[in-house]
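Since the structure comes first, as structure tokens, the remarks are kept for the end.
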Number of protein chains: 2
Amino acid sequence: MSEPGAGAKQGGENLLFLTDEQLRKGIEAMFFAYRAFTADPDRILEGLAYGRAHHRAVHFINRQPGLTVNTLLSVLGVTKQSLNRVLRTLIEDGLVETRVGRKDKRERHLYLTEKGAALERELSEAQRARMRSAYRAAGPSAVAGFREVLEAMMDPDLRRYYTAMKDGSA
Amino acid sequence: MSEPGAGAKQGGENLLFLTDEQLRKGIEAMFFAYRAFTADPDRILEGLAYGRAHHRAVHFINRQPGLTVNTLLSVLGVTKQSLNRVLRTLIEDGLVETRVGRKDKRERHLYLTEKGAALERELSEAQRARMRSAYRAAGPSAVAGFREVLEAMMDPDLRRYYTAMKDGSA
DNA sequence: CTTGGAAAGTCAACATGACTGACATAATAT
DNA sequence: ATATTATGTCAGTCATGTTGACTTTCCAAG
């Protein structure tokens, strides 16, 4: 706060973006943006018999068809009991199907059915619409910065997973 | 990574950053980063008799000392019954104090006590440490982009609140 | 000055999505 | 043969959100 002026505090680099005030604004930005980010699919989900947890499961099964329960577990960062409740209803309702592993028959590989894929599309389209409009408003170089900061913020394990799934496009 | 090349699809502007794939990566980045972002204070909170909801209340009371219950309610986006449970324990434990409004005596203005401020500092320092290291790793222009995209993603009401509290710095 | 509405607080009931702990089954690995 | 892994399940608990109903206090407009 309050105009530190052109005073280069450290070695000539301008480190104003690392002030506590800037960091606190970043924290608030994360909070408000994340709320908006989850609000759209939540609105669709209410009324349906599913919640945010189902959305997340469906999202990652769509992203990586055939992933095992264990993998999904660590990506979502919840206990198997918690995931199981969600997965069971998705399977019972015919949104997700499991196939026994060929190499290791203990493993269950998860796939979306057409019905599951349809729900995924509906939910993710709501979310993508907001993301799209934010991206458009901010422009490509802001988007690049956005992605860089978020990536640097992740825990190393999930960052590895995240970057491994990268990028798809071009 | 991924070299979108010189392929100008639309009217000369390169809009590759708006592909569904890019949007989906943004969605995942938000998910993973937010998880990491809340993990540090959550770790501190466990063991203490407080949770994430207490953290949020304390954060915003610290940011805007003297705000009313109604204001906090709309910033947090929860019902008064939900907030009240949290606020009550914070007041009982002497972390937050209320003062009756001078102009309007129906209003209660919220303030952190020294004890409350101490908890706020501890929690927010954990969060700021992660934010600081992400900011440092990504650099100032990435940080600017990060903030722009998040801001564009917020719901208009909260964006107004957020930008009104801005910026302190420079 | 009465009356309507706003700000705050509370009680009760309920839903969701986390958690732990314990246990079962099947299949792989040693 | 035995240990370990992957999955699934039952039961209980907790944190945090929700609705709905109701009270008290106080401001403001008729």
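Starting from 1 in every chain, residues are counted up; chains themselves are A, B, ... following the order of the structure tokens, and ligands are numbered from 1 as listed.
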For chain B, report every residue with an atom at most 12 Å from chain D (counting only C-alpha atoms (C1' of nucleotides)), formatted as a PyMOL selection string.
chain B and resi 46+49-54+77-86+100-101+103-108
Taking all C-alpha atoms matched one to one in order, superimpose chain A on chain B and note the resulting RMSD in Å.
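C-alpha RMSD after least-squares superposition: 1.5 Å.
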Picked from chain A by DSSP as strand (DSSP E or B), as a PDB file with N, CA and C atoms, in the first residue's frame:
ATOM      1  N   GLN A  10      14.794  -4.732  -4.046  1.00  0.00           N
ATOM      2  CA  GLN A  10      15.687  -5.880  -4.103  1.00  0.00           C
ATOM      3  C   GLN A  10      16.372  -5.972  -5.455  1.00  0.00           C
ATOM      4  N   GLU A  13      15.040  -5.808  -9.222  1.00  0.00           N
ATOM      5  CA  GLU A  13      13.761  -6.389  -9.643  1.00  0.00           C
ATOM      6  C   GLU A  13      12.629  -5.703  -8.889  1.00  0.00           C
ATOM      7  N   GLU A  46     -28.842 -29.321  -8.990  1.00  0.00           N
ATOM      8  CA  GLU A  46     -29.942 -29.324  -8.019  1.00  0.00           C
ATOM      9  C   GLU A  46     -31.228 -29.670  -8.771  1.00  0.00           C
ATOM     10  N   LEU A  48     -31.647 -32.622 -10.087  1.00  0.00           N
ATOM     11  CA  LEU A  48     -31.163 -33.966 -10.383  1.00  0.00           C
ATOM     12  C   LEU A  48     -30.736 -34.609  -9.072  1.00  0.00           C
ATOM     13  N   ALA A  49     -30.578 -35.905  -9.093  1.00  0.00           N
ATOM     14  CA  ALA A  49     -30.249 -36.602  -7.848  1.00  0.00           C
ATOM     15  C   ALA A  49     -28.743 -36.615  -7.597  1.00  0.00           C
ATOM     16  N   LEU A  67      -9.707 -45.109 -16.726  1.00  0.00           N
ATOM     17  CA  LEU A  67      -8.867 -44.983 -15.526  1.00  0.00           C
ATOM     18  C   LEU A  67      -9.398 -45.899 -14.436  1.00  0.00           C
ATOM     19  N   THR A  68      -8.529 -46.316 -13.547  1.00  0.00           N
ATOM     20  CA  THR A  68      -8.950 -47.236 -12.493  1.00  0.00           C
ATOM     21  C   THR A  68      -9.524 -46.457 -11.316  1.00  0.00           C
ATOM     22  N   VAL A  96     -22.153 -44.622 -15.674  1.00  0.00           N
ATOM     23  CA  VAL A  96     -20.764 -45.081 -15.683  1.00  0.00           C
ATOM     24  C   VAL A  96     -20.791 -46.594 -15.779  1.00  0.00           C
ATOM     25  N   GLU A  97     -19.843 -47.144 -16.548  1.00  0.00           N
ATOM     26  CA  GLU A  97     -19.712 -48.594 -16.530  1.00  0.00           C
ATOM     27  C   GLU A  97     -18.281 -48.985 -16.206  1.00  0.00           C
ATOM     28  N   THR A  98     -18.140 -50.167 -15.614  1.00  0.00           N
ATOM     29  CA  THR A  98     -16.814 -50.621 -15.225  1.00  0.00           C
ATOM     30  C   THR A  98     -16.467 -51.857 -16.036  1.00  0.00           C
ATOM     31  N   ARG A  99     -15.184 -51.957 -16.369  1.00  0.00           N
ATOM     32  CA  ARG A  99     -14.709 -53.173 -17.025  1.00  0.00           C
ATOM     33  C   ARG A  99     -13.538 -53.713 -16.236  1.00  0.00           C
ATOM     34  N   VAL A 100     -13.565 -55.010 -16.048  1.00  0.00           N
ATOM     35  CA  VAL A 100     -12.489 -55.663 -15.314  1.00  0.00           C
ATOM     36  C   VAL A 100     -11.205 -55.568 -16.126  1.00  0.00           C
ATOM     37  N   ARG A 108     -10.764 -52.182 -11.709  1.00  0.00           N
ATOM     38  CA  ARG A 108     -11.958 -51.827 -12.473  1.00  0.00           C
ATOM     39  C   ARG A 108     -11.653 -50.559 -13.260  1.00  0.00           C
ATOM     40  N   HIS A 109     -11.855 -50.643 -14.547  1.00  0.00           N
ATOM     41  CA  HIS A 109     -11.639 -49.470 -15.388  1.00  0.00           C
ATOM     42  C   HIS A 109     -12.971 -48.786 -15.627  1.00  0.00           C
ATOM     43  N   LEU A 110     -12.949 -47.475 -15.528  1.00  0.00           N
ATOM     44  CA  LEU A 110     -14.194 -46.715 -15.548  1.00  0.00           C
ATOM     45  C   LEU A 110     -14.405 -46.009 -16.887  1.00  0.00           C
ATOM     46  N   TYR A 111     -15.639 -46.087 -17.364  1.00  0.00           N
ATOM     47  CA  TYR A 111     -16.012 -45.443 -18.623  1.00  0.00           C
ATOM     48  C   TYR A 111     -17.369 -44.765 -18.465  1.00  0.00           C
ATOM     49  N   LEU A 112     -17.565 -43.682 -19.184  1.00  0.00           N
ATOM     50  CA  LEU A 112     -18.896 -43.088 -19.240  1.00  0.00           C
ATOM     51  C   LEU A 112     -19.722 -43.809 -20.288  1.00  0.00           C
TER      52      LEU A 112
END
Could you list, as number ranges by chain, the residues of chain C having an atom within 12 Å of chain B when counting only C-alpha atoms (C1' of nucleotides)?
C: 6-12, 19
Would you kindly report the residues of chain B within 8 Å of chain A, using only C-alpha atoms, as an NGL selection string?
:B and (2-4 or 15 or 17-30 or 32-37 or 127-128 or 130-138 or 140-155 or 158-159 or 162 or 166-170)
